[in-house]
There are 2 protein chains.
Amino acid sequence: MRVKDTMFRSIWIDGESLNIIDQTQLPHEFVVKELRNSEDVRLAIKNMLVRGAGLIGVTAAYGVWLAAREAPRGSLADFDTYVNNRARLIAATRPTAVNLVWALNRQLEKLTQARTVEEKISLAKLGALGIADEDADFCKKIGQHGSSLIESLYKKKQTTVNVLTHCNAGWLAFVDYGSALSPVYAAHDNGVPVHVWVDETRPRNQGASLTAWELAQHGVPHTLIADNSGGHLMQKGEVDIVITGADRVTRLGDVANKIGTYLKALAAVDNKVPFYVAFPSSTLDMSISDGTTEIEIEERSEDEVRFVYGRDPRGNYVSVQICPDKTRAGNWGFDVTPARLITGLITERGVFPANKVGVSDILGDADGRN
Amino acid sequence: MRVKDTMFRSIWIDGESLNIIDQTQLPHEFVVKELRNSEDVRLAIKNMLVRGAGLIGVTAAYGVWLAAREAPRGSLADFDTYVNNRARLIAATRPTAVNLVWALNRQLEKLTQARTVEEKISLAKLGALGIADEDADFCKKIGQHGSSLIESLYKKKQTTVNVLTHCNAGWLAFVDYGSALSPVYAAHDNGVPVHVWVDETRPRNQGASLTAWELAQHGVPHTLIADNSGGHLMQKGEVDIVITGADRVTRLGDVANKIGTYLKALAAVDNKVPFYVAFPSSTLDMSISDGTTEIEIEERSEDEVRFVYGRDPRGNYVSVQICPDKTRAGNWGFDVTPARLITGLITERGVFPANKVGVSDILGDADGRN
């Protein structure tokens with residue numbers, strides 16, 4: 001997508017070097033950073049230089065490639081042990097998002113097909129490129145399917161369609177296009193007048209720092225709001241559709257996504273606003289049913305709540321403390337939106353109802369319906 | 001209430017000088033500020049040095065006293081014109097909270113009983129003192145009625161009762177005790193183990209800066225959370241009761257309160273958590289019925305969303321920008337929680353259902369039931 005009129009992806013390789021955009025520096029600075037080894041990859045995911053369901057999966061896939069490059073060349077067994085260990089450490093960084101484990105497993109599975117170290121390194125690189133391209137392709141298709149929802153709202157309303165989104169599920173959260181924002185970009189590019197209410201998304205403010213930045217770079221009209229505001233806007237008829245991303249979707253259609261998503265879904269239902277969740281099928285976790293009880297919710301540092309990062313009046317980047325010195329804080333990264341609150345699931349295969357049948361149809365899995 | 005083991009009110013007179021705690025400096029600095037004239041009062045309310053339903057009413061009442069002191073002494077007509085004009089300017093600062101207009105009207109009405117300027121000045125001072133004492137008395141009674149709700153949860157549960165609150169409706173929002181926090185203080189003082197989940201309350205962070213500070217000064221266990229977290233905690237059974245304040249309550253029991261309150265009420269209903277709203281009867285506005293359509297919602301500066309105020313690592317107090325330079329923001333101060341979502345209204349007269357009958361019973365108004 002567009003950054004100052006140059007097209008970027010959120011992660012790319014340039015010869016043998018792996019590059020990312022350091023998202024902790026946005027929106028104030030656009031910094032490209034090279035990840036030189038699998039430990040760089042682990043730290044980039046853990047410290048959220050890269051974040052978002054799709055992007056952490058793709059970054060982890062490249063991490064397997066870097067692990068293979070740096071692995072001991074003694075025996076295939078030593079090599080495999082090293083790569084598997086590095087993959088396990090990368091997987092441990094973010095417990096809620098399923099794409100991370102999905103991408104790592106796909107890579108490790110692929111590597112079992114090779115007989116030599118050189119072949120494994122080559123397969124790891126090709127595998128990561130494949131996952132990245134598939135992610136971009138799936139997100140583009142999510143945009144095509146989702147934009148028709150926005151366009152039909154426009155046909156009824158004949159004036160600007162107001163979309164509310166939470167957190168960042170744009171191209172920065174994937175390789176390109178994004179999930180929740182992909183339909184917005186597609187509608188905008190098709191000439192449909194669209195405006196986005198951007199939840200700031202405390203505690204890490206991905207809405208204020210990433211979604212607002214992305215939308216501005218692409219020229220999509222938007223307004224930043226406190227996370228508290230969405231219900232009021234829905235009561236006032238100022239929201240036509242809510243679209244969020246997802247970090248894990250169960251076989252019954254429950255959705256784990258950024259903390260606060262559940263509150264917006266409740267408000268959408270209460271005000272008869274359609275509530276959609278957009279994600280590539282790699283976000284499905286068919287091994288679990290009830291999201292509220294079965295999905296592990298990541299707990300993060302309390303300082304993410306106690307401090308807010310931004311640019312001070314002198315142009316320095318600092319974290320300011322917003323509470324008394326001794327205040328303790330709780331910080332859960334995600335919550336679960338039950339399927340009953342969700343109007344539909346937007347995927348690369350089309351738009352499906354949020355229930356057991358809909359989810360198995362995403363996978364084209366006739367057996368899953370039973 | 002307690003500040004470093006000294007008892008304070010949020011506003012008091014010392015001889016002829018009117019003093020407040022500058023709440024924009026909390027939690028980092030405890031600064032007492034003298035308001036010398038009615039323009040100081042207007043600016044203190046407008047710029048939120050004082051805030052909260054009860055306190056802005058009491059401060060405005062003292063503003064009438066200061067206006068009377070500074071008014072021209074030529075004729076009674078000139079005097080009255082001046083005082084009425086100053087009252088009108090004070091009333092214009094915060095359109096949503098009803099206590100402000102209620103207190104000003106009560107003062108102006110009282111002044112019509114006096115025949116001389118000196119008598120009016122004296123009545124204005126006595127009137128303000130009376131409103132302040134009544135506010136403290138009513139809040140104390142709210143605590144007595146509300147603490148029985150917490151105590152009966154404790155009797156059932158036999159372990160710490162978890163209360164979730166939004167914004168600051170503690171003693172800093174009134175003269176003493178508070179509304180939503182008064183039951184918490186009363187229960188705590190009665191030896192009931194109670195813990196408070198404190199919503200940070202973006203955009204102005206009254207939860208992080210005021211509620212956390214208040215509770216710490218009084219020794220009540222509490223945890224700061226992002227506004228996004230409450231729904232997740234309720235799903236996990238970690239919230240036993242929600243208690244918020246109110247800025248205006250309609251005759252049918254709809255409640256205008258800090259933006260985001262509505263989202264917590266929806267989550268409470270979805271998880272069968274009792275949701276109570278605590279306020280003195282001066283917060284009732286019997287002239288309106290439907291809160292969602294009839295209450296004017298204050299819009300505030302977009303910079304309250306775009307910047308966050310706090311203490312930087314060098315100990316300086318600064319506002320840091322959290323979004324791109326050109327990002328526009330929307331900032332509504334309040335939302336409306338429909339009566340249907342509210343378990344009960346805690347007032348100085350007892351706990352009442354949130355409906356027409358309940359509200360008229362608060363006023364002991366048998367006619368209002370019709």
# chains A, B, ... in the order shown; residues from 1 in each chain; ligands from 1
$ select_by_dssp --residues "stretch 187-329 of chain A" --states "strand (DSSP E or B)" --output "ChimeraX atom specification"
/A:194-199,222-225,241-244,248-250,255-258,275-278,284-285,299,307-311,317-321,329
$ residues_around --residues "B:Asp303" --least-positions-apart "5" --cutoff "12 Å" --atoms "only C-alpha atoms" --output "ChimeraX atom specification"
/A:224-226 /B:203-204,308-309,319-323,325-331
$ residues_around --residues "stretch 120-127 of chain A" --least-positions-apart "2" --cutoff "9 Å" --atoms "only C-alpha atoms" --output "PDB file with N, CA, C and O atoms, in the first residue's frame"
ATOM      1  N   ALA A  61       7.292 -17.020   9.858  1.00  0.00           N
ATOM      2  CA  ALA A  61       7.686 -17.903   8.761  1.00  0.00           C
ATOM      3  C   ALA A  61       9.088 -17.538   8.260  1.00  0.00           C
ATOM      4  O   ALA A  61       9.932 -18.415   8.029  1.00  0.00           O
ATOM      5  N   TYR A  62       9.337 -16.233   8.135  1.00  0.00           N
ATOM      6  CA  TYR A  62      10.688 -15.807   7.763  1.00  0.00           C
ATOM      7  C   TYR A  62      11.690 -16.139   8.869  1.00  0.00           C
ATOM      8  O   TYR A  62      12.864 -16.407   8.605  1.00  0.00           O
ATOM      9  N   VAL A  64      11.772 -18.807  10.578  1.00  0.00           N
ATOM     10  CA  VAL A  64      12.215 -20.188  10.352  1.00  0.00           C
ATOM     11  C   VAL A  64      13.330 -20.213   9.309  1.00  0.00           C
ATOM     12  O   VAL A  64      14.318 -20.942   9.445  1.00  0.00           O
ATOM     13  N   TRP A  65      13.176 -19.377   8.292  1.00  0.00           N
ATOM     14  CA  TRP A  65      14.232 -19.272   7.278  1.00  0.00           C
ATOM     15  C   TRP A  65      15.537 -18.796   7.913  1.00  0.00           C
ATOM     16  O   TRP A  65      16.612 -19.390   7.710  1.00  0.00           O
ATOM     17  N   LEU A  66      15.461 -17.716   8.726  1.00  0.00           N
ATOM     18  CA  LEU A  66      16.677 -17.194   9.357  1.00  0.00           C
ATOM     19  C   LEU A  66      17.267 -18.213  10.336  1.00  0.00           C
ATOM     20  O   LEU A  66      18.491 -18.372  10.422  1.00  0.00           O
ATOM     21  N   ALA A  67      16.387 -18.930  11.051  1.00  0.00           N
ATOM     22  CA  ALA A  67      16.866 -19.985  11.958  1.00  0.00           C
ATOM     23  C   ALA A  67      17.599 -21.063  11.170  1.00  0.00           C
ATOM     24  O   ALA A  67      18.665 -21.543  11.589  1.00  0.00           O
ATOM     25  N   ALA A  68      17.054 -21.433  10.008  1.00  0.00           N
ATOM     26  CA  ALA A  68      17.697 -22.456   9.173  1.00  0.00           C
ATOM     27  C   ALA A  68      19.061 -21.967   8.686  1.00  0.00           C
ATOM     28  O   ALA A  68      20.041 -22.715   8.677  1.00  0.00           O
ATOM     29  N   ARG A  69      19.139 -20.688   8.322  1.00  0.00           N
ATOM     30  CA  ARG A  69      20.407 -20.130   7.845  1.00  0.00           C
ATOM     31  C   ARG A  69      21.485 -20.178   8.922  1.00  0.00           C
ATOM     32  O   ARG A  69      22.660 -20.400   8.650  1.00  0.00           O
ATOM     33  N   ARG A 106       3.353 -24.748   9.476  1.00  0.00           N
ATOM     34  CA  ARG A 106       3.405 -24.956   8.028  1.00  0.00           C
ATOM     35  C   ARG A 106       4.850 -24.977   7.534  1.00  0.00           C
ATOM     36  O   ARG A 106       5.219 -25.802   6.689  1.00  0.00           O
ATOM     37  N   GLN A 107       5.673 -24.114   8.091  1.00  0.00           N
ATOM     38  CA  GLN A 107       7.083 -24.088   7.707  1.00  0.00           C
ATOM     39  C   GLN A 107       7.818 -25.359   8.149  1.00  0.00           C
ATOM     40  O   GLN A 107       8.557 -25.966   7.370  1.00  0.00           O
ATOM     41  N   LEU A 108       7.605 -25.739   9.412  1.00  0.00           N
ATOM     42  CA  LEU A 108       8.322 -26.912   9.941  1.00  0.00           C
ATOM     43  C   LEU A 108       7.906 -28.173   9.189  1.00  0.00           C
ATOM     44  O   LEU A 108       8.737 -29.042   8.885  1.00  0.00           O
ATOM     45  N   LYS A 110       6.912 -28.248   6.092  1.00  0.00           N
ATOM     46  CA  LYS A 110       7.542 -28.167   4.767  1.00  0.00           C
ATOM     47  C   LYS A 110       8.986 -28.669   4.826  1.00  0.00           C
ATOM     48  O   LYS A 110       9.438 -29.382   3.918  1.00  0.00           O
ATOM     49  N   LEU A 111       9.680 -28.272   5.890  1.00  0.00           N
ATOM     50  CA  LEU A 111      11.095 -28.627   6.007  1.00  0.00           C
ATOM     51  C   LEU A 111      11.325 -30.137   6.120  1.00  0.00           C
ATOM     52  O   LEU A 111      12.410 -30.628   5.770  1.00  0.00           O
ATOM     53  N   THR A 112      10.320 -30.863   6.606  1.00  0.00           N
ATOM     54  CA  THR A 112      10.485 -32.325   6.712  1.00  0.00           C
ATOM     55  C   THR A 112      10.601 -32.971   5.333  1.00  0.00           C
ATOM     56  O   THR A 112      11.051 -34.113   5.211  1.00  0.00           O
ATOM     57  N   GLN A 113      10.179 -32.237   4.272  1.00  0.00           N
ATOM     58  CA  GLN A 113      10.240 -32.792   2.920  1.00  0.00           C
ATOM     59  C   GLN A 113      11.659 -32.772   2.334  1.00  0.00           C
ATOM     60  O   GLN A 113      11.910 -33.396   1.299  1.00  0.00           O
ATOM     61  N   ALA A 114      12.558 -31.991   2.975  1.00  0.00           N
ATOM     62  CA  ALA A 114      13.898 -31.838   2.393  1.00  0.00           C
ATOM     63  C   ALA A 114      14.900 -32.772   3.060  1.00  0.00           C
ATOM     64  O   ALA A 114      14.737 -33.145   4.218  1.00  0.00           O
ATOM     65  N   ARG A 115      15.953 -33.124   2.294  1.00  0.00           N
ATOM     66  CA  ARG A 115      16.943 -34.078   2.798  1.00  0.00           C
ATOM     67  C   ARG A 115      18.278 -33.457   3.167  1.00  0.00           C
ATOM     68  O   ARG A 115      19.088 -34.065   3.844  1.00  0.00           O
ATOM     69  N   THR A 116      18.530 -32.249   2.703  1.00  0.00           N
ATOM     70  CA  THR A 116      19.808 -31.611   3.025  1.00  0.00           C
ATOM     71  C   THR A 116      19.544 -30.257   3.667  1.00  0.00           C
ATOM     72  O   THR A 116      18.460 -29.680   3.518  1.00  0.00           O
ATOM     73  N   VAL A 117      20.560 -29.789   4.361  1.00  0.00           N
ATOM     74  CA  VAL A 117      20.463 -28.476   4.999  1.00  0.00           C
ATOM     75  C   VAL A 117      20.204 -27.399   3.966  1.00  0.00           C
ATOM     76  O   VAL A 117      19.338 -26.542   4.131  1.00  0.00           O
ATOM     77  N   GLU A 118      20.959 -27.418   2.861  1.00  0.00           N
ATOM     78  CA  GLU A 118      20.789 -26.377   1.839  1.00  0.00           C
ATOM     79  C   GLU A 118      19.374 -26.386   1.286  1.00  0.00           C
ATOM     80  O   GLU A 118      18.774 -25.327   1.066  1.00  0.00           O
ATOM     81  N   LEU A 129       8.048 -16.933   1.568  1.00  0.00           N
ATOM     82  CA  LEU A 129       7.561 -16.095   0.453  1.00  0.00           C
ATOM     83  C   LEU A 129       6.149 -16.506   0.057  1.00  0.00           C
ATOM     84  O   LEU A 129       5.301 -15.648  -0.229  1.00  0.00           O
ATOM     85  N   GLY A 130       5.910 -17.817   0.062  1.00  0.00           N
ATOM     86  CA  GLY A 130       4.584 -18.316  -0.308  1.00  0.00           C
ATOM     87  C   GLY A 130       3.517 -17.871   0.677  1.00  0.00           C
ATOM     88  O   GLY A 130       2.425 -17.435   0.282  1.00  0.00           O
ATOM     89  N   ILE A 131       3.847 -17.953   1.971  1.00  0.00           N
ATOM     90  CA  ILE A 131       2.879 -17.523   2.990  1.00  0.00           C
ATOM     91  C   ILE A 131       2.605 -16.028   2.855  1.00  0.00           C
ATOM     92  O   ILE A 131       1.467 -15.570   2.949  1.00  0.00           O
ATOM     93  N   ALA A 132       3.679 -15.270   2.594  1.00  0.00           N
ATOM     94  CA  ALA A 132       3.514 -13.819   2.445  1.00  0.00           C
ATOM     95  C   ALA A 132       2.637 -13.484   1.241  1.00  0.00           C
ATOM     96  O   ALA A 132       1.723 -12.655   1.330  1.00  0.00           O
TER      97      ALA A 132
END
$ interface_residues --of "chain B" --to "chain A" --cutoff "8 Å" --atoms "only C-alpha atoms" --output "PyMOL selection string"
chain B and resi 27-28+201-203+205+208-209+212-213+216+222-229+231-232+235+259-264+266-267+292+305-306+308-313+318-324+327-332+335-336
$ select_by_dssp --residues "stretch 285-365 of chain A" --states "helix (DSSP H, G or I)" --output "ChimeraX atom specification"
/A:291-294,303-306,339-341,356-362
$ residues_around --residues "A:Ala268" --least-positions-apart "4" --cutoff "8 Å" --atoms "only C-alpha atoms" --output "PyMOL selection string"
chain A and resi 231+234+242+264+272-275
$ residues_around --residues "A:Val249" --least-positions-apart "4" --cutoff "8 Å" --atoms "only C-alpha atoms" --output "list in words"
Gly253, Asp254, Val255, Ala256, Thr283, Leu284, Asp285 and Gly291 of chain A
$ closest_atom_pairs --of "stretch 277-335 of chain B" --to "stretch 149-169 of chain B" --cutoff "10 Å" --atoms "only C-alpha atoms" --output "tab-separated table"
residue	atom	partner	partner_atom	distance
B:Val277	CA	B:Thr165	CA	9.9
B:Ala278	CA	B:Ala169	CA	8.6
B:Phe279	CA	B:Ala169	CA	9.0
$ residues_around --residues "B:Ser182" --least-positions-apart "3" --cutoff "10 Å" --atoms "only C-alpha atoms" --output "CSV table (one decimal) with N, CA and C atoms, in the first residue's frame"
chain,number,residue,atom,x,y,z
B,139,CYS,N,-24.3,12.7,49.6
B,139,CYS,CA,-23.3,11.7,49.2
B,139,CYS,C,-23.0,10.7,50.3
B,140,LYS,N,-23.0,11.2,51.5
B,140,LYS,CA,-22.8,10.2,52.7
B,140,LYS,C,-23.9,9.2,52.7
B,141,LYS,N,-25.2,9.7,52.5
B,141,LYS,CA,-26.3,8.8,52.6
B,141,LYS,C,-26.3,7.8,51.4
B,142,ILE,N,-25.8,8.3,50.2
B,142,ILE,CA,-25.7,7.4,49.0
B,142,ILE,C,-24.7,6.2,49.4
B,143,GLY,N,-23.7,6.6,50.2
B,143,GLY,CA,-22.8,5.6,50.6
B,143,GLY,C,-23.4,4.5,51.5
B,144,GLN,N,-24.3,5.0,52.4
B,144,GLN,CA,-24.9,4.1,53.4
B,144,GLN,C,-25.9,3.1,52.6
B,145,HIS,N,-26.7,3.7,51.7
B,145,HIS,CA,-27.6,2.9,50.9
B,145,HIS,C,-26.8,1.9,50.0
B,146,GLY,N,-25.8,2.4,49.3
B,146,GLY,CA,-25.1,1.6,48.3
B,146,GLY,C,-24.2,0.6,49.0
B,147,SER,N,-23.7,0.8,50.1
B,147,SER,CA,-22.8,-0.2,50.7
B,147,SER,C,-23.5,-1.4,51.1
B,169,ALA,N,-16.3,9.4,40.0
B,169,ALA,CA,-17.5,9.8,40.7
B,169,ALA,C,-17.2,9.6,42.2
B,170,GLY,N,-16.1,10.1,42.6
B,170,GLY,CA,-15.6,10.0,44.0
B,170,GLY,C,-15.8,11.3,44.7
B,171,TRP,N,-15.1,11.5,45.8
B,171,TRP,CA,-15.3,12.8,46.5
B,171,TRP,C,-14.8,14.0,45.7
B,176,ASP,N,-17.7,15.9,49.1
B,176,ASP,CA,-17.1,14.9,50.0
B,176,ASP,C,-17.7,13.5,49.6
B,177,TYR,N,-17.1,12.4,50.0
B,177,TYR,CA,-17.6,11.0,49.8
B,177,TYR,C,-17.8,10.6,48.4
B,178,GLY,N,-18.5,11.4,47.6
B,178,GLY,CA,-18.7,11.0,46.2
B,178,GLY,C,-20.0,10.3,46.0
B,179,SER,N,-20.3,9.9,44.7
B,179,SER,CA,-21.6,9.2,44.5
B,179,SER,C,-21.2,7.7,44.2
B,185,TYR,N,-16.4,3.4,49.7
B,185,TYR,CA,-15.7,3.8,50.9
B,185,TYR,C,-16.4,3.3,52.2
B,186,ALA,N,-17.8,3.4,52.1
B,186,ALA,CA,-18.6,3.0,53.3
B,186,ALA,C,-18.4,1.5,53.5
B,187,ALA,N,-18.4,0.7,52.5
B,187,ALA,CA,-18.2,-0.8,52.6
B,187,ALA,C,-16.8,-1.1,53.2
B,188,HIS,N,-15.8,-0.4,52.6
B,188,HIS,CA,-14.4,-0.6,53.0
B,188,HIS,C,-14.3,-0.2,54.5
B,278,ALA,N,-25.2,5.9,40.8
B,278,ALA,CA,-25.4,6.6,42.1
B,278,ALA,C,-25.3,8.1,41.8
$ residues_around --residues "A:Arg349" --least-positions-apart "3" --cutoff "10 Å" --atoms "only C-alpha atoms" --output "PDB file with N, CA, C and O atoms, in the first residue's frame"
ATOM      1  N   PHE A 138      -5.004 -13.253  -0.188  1.00  0.00           N
ATOM      2  CA  PHE A 138      -6.233 -13.458   0.590  1.00  0.00           C
ATOM      3  C   PHE A 138      -6.811 -12.112   1.054  1.00  0.00           C
ATOM      4  O   PHE A 138      -8.024 -11.891   1.013  1.00  0.00           O
ATOM      5  N   LYS A 141      -8.589 -10.356  -1.672  1.00  0.00           N
ATOM      6  CA  LYS A 141      -9.912 -10.945  -1.903  1.00  0.00           C
ATOM      7  C   LYS A 141     -10.903 -10.557  -0.794  1.00  0.00           C
ATOM      8  O   LYS A 141     -12.086 -10.346  -1.057  1.00  0.00           O
ATOM      9  N   ILE A 142     -10.406 -10.466   0.440  1.00  0.00           N
ATOM     10  CA  ILE A 142     -11.270  -9.984   1.538  1.00  0.00           C
ATOM     11  C   ILE A 142     -11.808  -8.601   1.192  1.00  0.00           C
ATOM     12  O   ILE A 142     -12.980  -8.289   1.411  1.00  0.00           O
ATOM     13  N   HIS A 145     -14.647  -8.930  -1.461  1.00  0.00           N
ATOM     14  CA  HIS A 145     -15.910  -9.410  -0.883  1.00  0.00           C
ATOM     15  C   HIS A 145     -16.518  -8.370   0.063  1.00  0.00           C
ATOM     16  O   HIS A 145     -17.720  -8.125   0.042  1.00  0.00           O
ATOM     17  N   PRO A 280      -8.320 -13.754   7.021  1.00  0.00           N
ATOM     18  CA  PRO A 280      -8.014 -14.866   6.113  1.00  0.00           C
ATOM     19  C   PRO A 280      -8.253 -16.187   6.845  1.00  0.00           C
ATOM     20  O   PRO A 280      -8.182 -16.238   8.079  1.00  0.00           O
ATOM     21  N   SER A 281      -8.482 -17.254   6.092  1.00  0.00           N
ATOM     22  CA  SER A 281      -8.856 -18.529   6.722  1.00  0.00           C
ATOM     23  C   SER A 281      -7.775 -19.077   7.656  1.00  0.00           C
ATOM     24  O   SER A 281      -8.065 -19.911   8.508  1.00  0.00           O
ATOM     25  N   ILE A 346     -16.040 -12.025   6.973  1.00  0.00           N
ATOM     26  CA  ILE A 346     -15.549 -11.698   5.639  1.00  0.00           C
ATOM     27  C   ILE A 346     -14.196 -12.383   5.445  1.00  0.00           C
ATOM     28  O   ILE A 346     -13.242 -12.079   6.165  1.00  0.00           O
ATOM     29  N   PHE A 352     -19.542 -15.162   5.143  1.00  0.00           N
ATOM     30  CA  PHE A 352     -20.211 -16.330   5.719  1.00  0.00           C
ATOM     31  C   PHE A 352     -20.851 -15.967   7.054  1.00  0.00           C
ATOM     32  O   PHE A 352     -20.357 -15.075   7.746  1.00  0.00           O
ATOM     33  N   ASP A 361     -18.000 -23.852   5.903  1.00  0.00           N
ATOM     34  CA  ASP A 361     -18.083 -23.442   4.503  1.00  0.00           C
ATOM     35  C   ASP A 361     -16.882 -22.593   4.071  1.00  0.00           C
ATOM     36  O   ASP A 361     -16.478 -22.610   2.912  1.00  0.00           O
ATOM     37  N   ILE A 362     -16.307 -21.825   5.007  1.00  0.00           N
ATOM     38  CA  ILE A 362     -15.108 -21.048   4.668  1.00  0.00           C
ATOM     39  C   ILE A 362     -14.021 -21.994   4.174  1.00  0.00           C
ATOM     40  O   ILE A 362     -13.311 -21.711   3.205  1.00  0.00           O
ATOM     41  N   LEU A 363     -13.914 -23.138   4.856  1.00  0.00           N
ATOM     42  CA  LEU A 363     -12.882 -24.111   4.497  1.00  0.00           C
ATOM     43  C   LEU A 363     -13.337 -25.041   3.378  1.00  0.00           C
ATOM     44  O   LEU A 363     -12.587 -25.927   2.976  1.00  0.00           O
ATOM     45  N   GLY A 364     -14.584 -24.843   2.898  1.00  0.00           N
ATOM     46  CA  GLY A 364     -15.105 -25.734   1.863  1.00  0.00           C
ATOM     47  C   GLY A 364     -15.160 -27.157   2.363  1.00  0.00           C
ATOM     48  O   GLY A 364     -14.937 -28.106   1.615  1.00  0.00           O
TER      49      GLY A 364
END
$ atom_distance --atom1 "atom CA of B:Ile11" --atom2 "atom CA of B:Arg248"
21.5 Å
$ atom_distance --atom1 "atom CA of B:Ala97" --atom2 "atom CA of B:Gly52"
8.4 Å
$ closest_residue --among "A:Thr59, A:Val194, A:Lys46, A:Asn355" --to "A:Ser301" --atoms "only C-alpha atoms"
A:Lys46
$ atom_distance --atom1 "atom CA of B:Ala180" --atom2 "atom CA of B:Ile243"
5.4 Å
$ decode --residues "stretch 241-253 of chain B" --atoms "N, CA, C and O atoms" --output "PDB file, in the first residue's frame"
ATOM      1  N   ILE B 241     -20.224  -6.131  40.565  1.00  0.00           N
ATOM      2  CA  ILE B 241     -21.179  -5.029  40.469  1.00  0.00           C
ATOM      3  C   ILE B 241     -20.498  -3.862  39.762  1.00  0.00           C
ATOM      4  O   ILE B 241     -19.288  -3.652  39.934  1.00  0.00           O
ATOM      5  N   VAL B 242     -21.256  -3.159  38.929  1.00  0.00           N
ATOM      6  CA  VAL B 242     -20.768  -1.926  38.319  1.00  0.00           C
ATOM      7  C   VAL B 242     -21.499  -0.767  38.989  1.00  0.00           C
ATOM      8  O   VAL B 242     -22.723  -0.828  39.162  1.00  0.00           O
ATOM      9  N   ILE B 243     -20.757   0.241  39.409  1.00  0.00           N
ATOM     10  CA  ILE B 243     -21.393   1.457  39.937  1.00  0.00           C
ATOM     11  C   ILE B 243     -20.755   2.655  39.240  1.00  0.00           C
ATOM     12  O   ILE B 243     -19.533   2.812  39.248  1.00  0.00           O
ATOM     13  N   THR B 244     -21.581   3.476  38.597  1.00  0.00           N
ATOM     14  CA  THR B 244     -21.073   4.710  37.992  1.00  0.00           C
ATOM     15  C   THR B 244     -21.830   5.888  38.581  1.00  0.00           C
ATOM     16  O   THR B 244     -22.831   5.720  39.278  1.00  0.00           O
ATOM     17  N   GLY B 245     -21.368   7.080  38.272  1.00  0.00           N
ATOM     18  CA  GLY B 245     -22.090   8.293  38.618  1.00  0.00           C
ATOM     19  C   GLY B 245     -23.037   8.679  37.502  1.00  0.00           C
ATOM     20  O   GLY B 245     -23.329   7.870  36.605  1.00  0.00           O
ATOM     21  N   ALA B 246     -23.530   9.900  37.557  1.00  0.00           N
ATOM     22  CA  ALA B 246     -24.444  10.416  36.536  1.00  0.00           C
ATOM     23  C   ALA B 246     -24.298  11.926  36.458  1.00  0.00           C
ATOM     24  O   ALA B 246     -24.027  12.575  37.472  1.00  0.00           O
ATOM     25  N   ASP B 247     -24.449  12.457  35.259  1.00  0.00           N
ATOM     26  CA  ASP B 247     -24.429  13.909  35.082  1.00  0.00           C
ATOM     27  C   ASP B 247     -25.824  14.478  34.856  1.00  0.00           C
ATOM     28  O   ASP B 247     -26.058  15.663  35.047  1.00  0.00           O
ATOM     29  N   ARG B 248     -26.749  13.623  34.424  1.00  0.00           N
ATOM     30  CA  ARG B 248     -28.148  14.043  34.268  1.00  0.00           C
ATOM     31  C   ARG B 248     -28.982  12.769  34.173  1.00  0.00           C
ATOM     32  O   ARG B 248     -28.616  11.839  33.445  1.00  0.00           O
ATOM     33  N   VAL B 249     -30.079  12.726  34.908  1.00  0.00           N
ATOM     34  CA  VAL B 249     -30.971  11.568  34.886  1.00  0.00           C
ATOM     35  C   VAL B 249     -32.375  12.051  34.528  1.00  0.00           C
ATOM     36  O   VAL B 249     -32.869  13.006  35.123  1.00  0.00           O
ATOM     37  N   THR B 250     -32.988  11.399  33.552  1.00  0.00           N
ATOM     38  CA  THR B 250     -34.314  11.861  33.103  1.00  0.00           C
ATOM     39  C   THR B 250     -35.423  11.281  33.976  1.00  0.00           C
ATOM     40  O   THR B 250     -35.201  10.373  34.766  1.00  0.00           O
ATOM     41  N   ARG B 251     -36.639  11.774  33.767  1.00  0.00           N
ATOM     42  CA  ARG B 251     -37.765  11.310  34.584  1.00  0.00           C
ATOM     43  C   ARG B 251     -38.115   9.847  34.323  1.00  0.00           C
ATOM     44  O   ARG B 251     -38.811   9.218  35.113  1.00  0.00           O
ATOM     45  N   LEU B 252     -37.601   9.278  33.226  1.00  0.00           N
ATOM     46  CA  LEU B 252     -37.831   7.861  32.957  1.00  0.00           C
ATOM     47  C   LEU B 252     -36.631   6.992  33.369  1.00  0.00           C
ATOM     48  O   LEU B 252     -36.630   5.785  33.162  1.00  0.00           O
ATOM     49  N   GLY B 253     -35.593   7.641  33.902  1.00  0.00           N
ATOM     50  CA  GLY B 253     -34.454   6.880  34.417  1.00  0.00           C
ATOM     51  C   GLY B 253     -33.308   6.690  33.441  1.00  0.00           C
ATOM     52  O   GLY B 253     -32.371   5.929  33.720  1.00  0.00           O
TER      53      GLY B 253
END
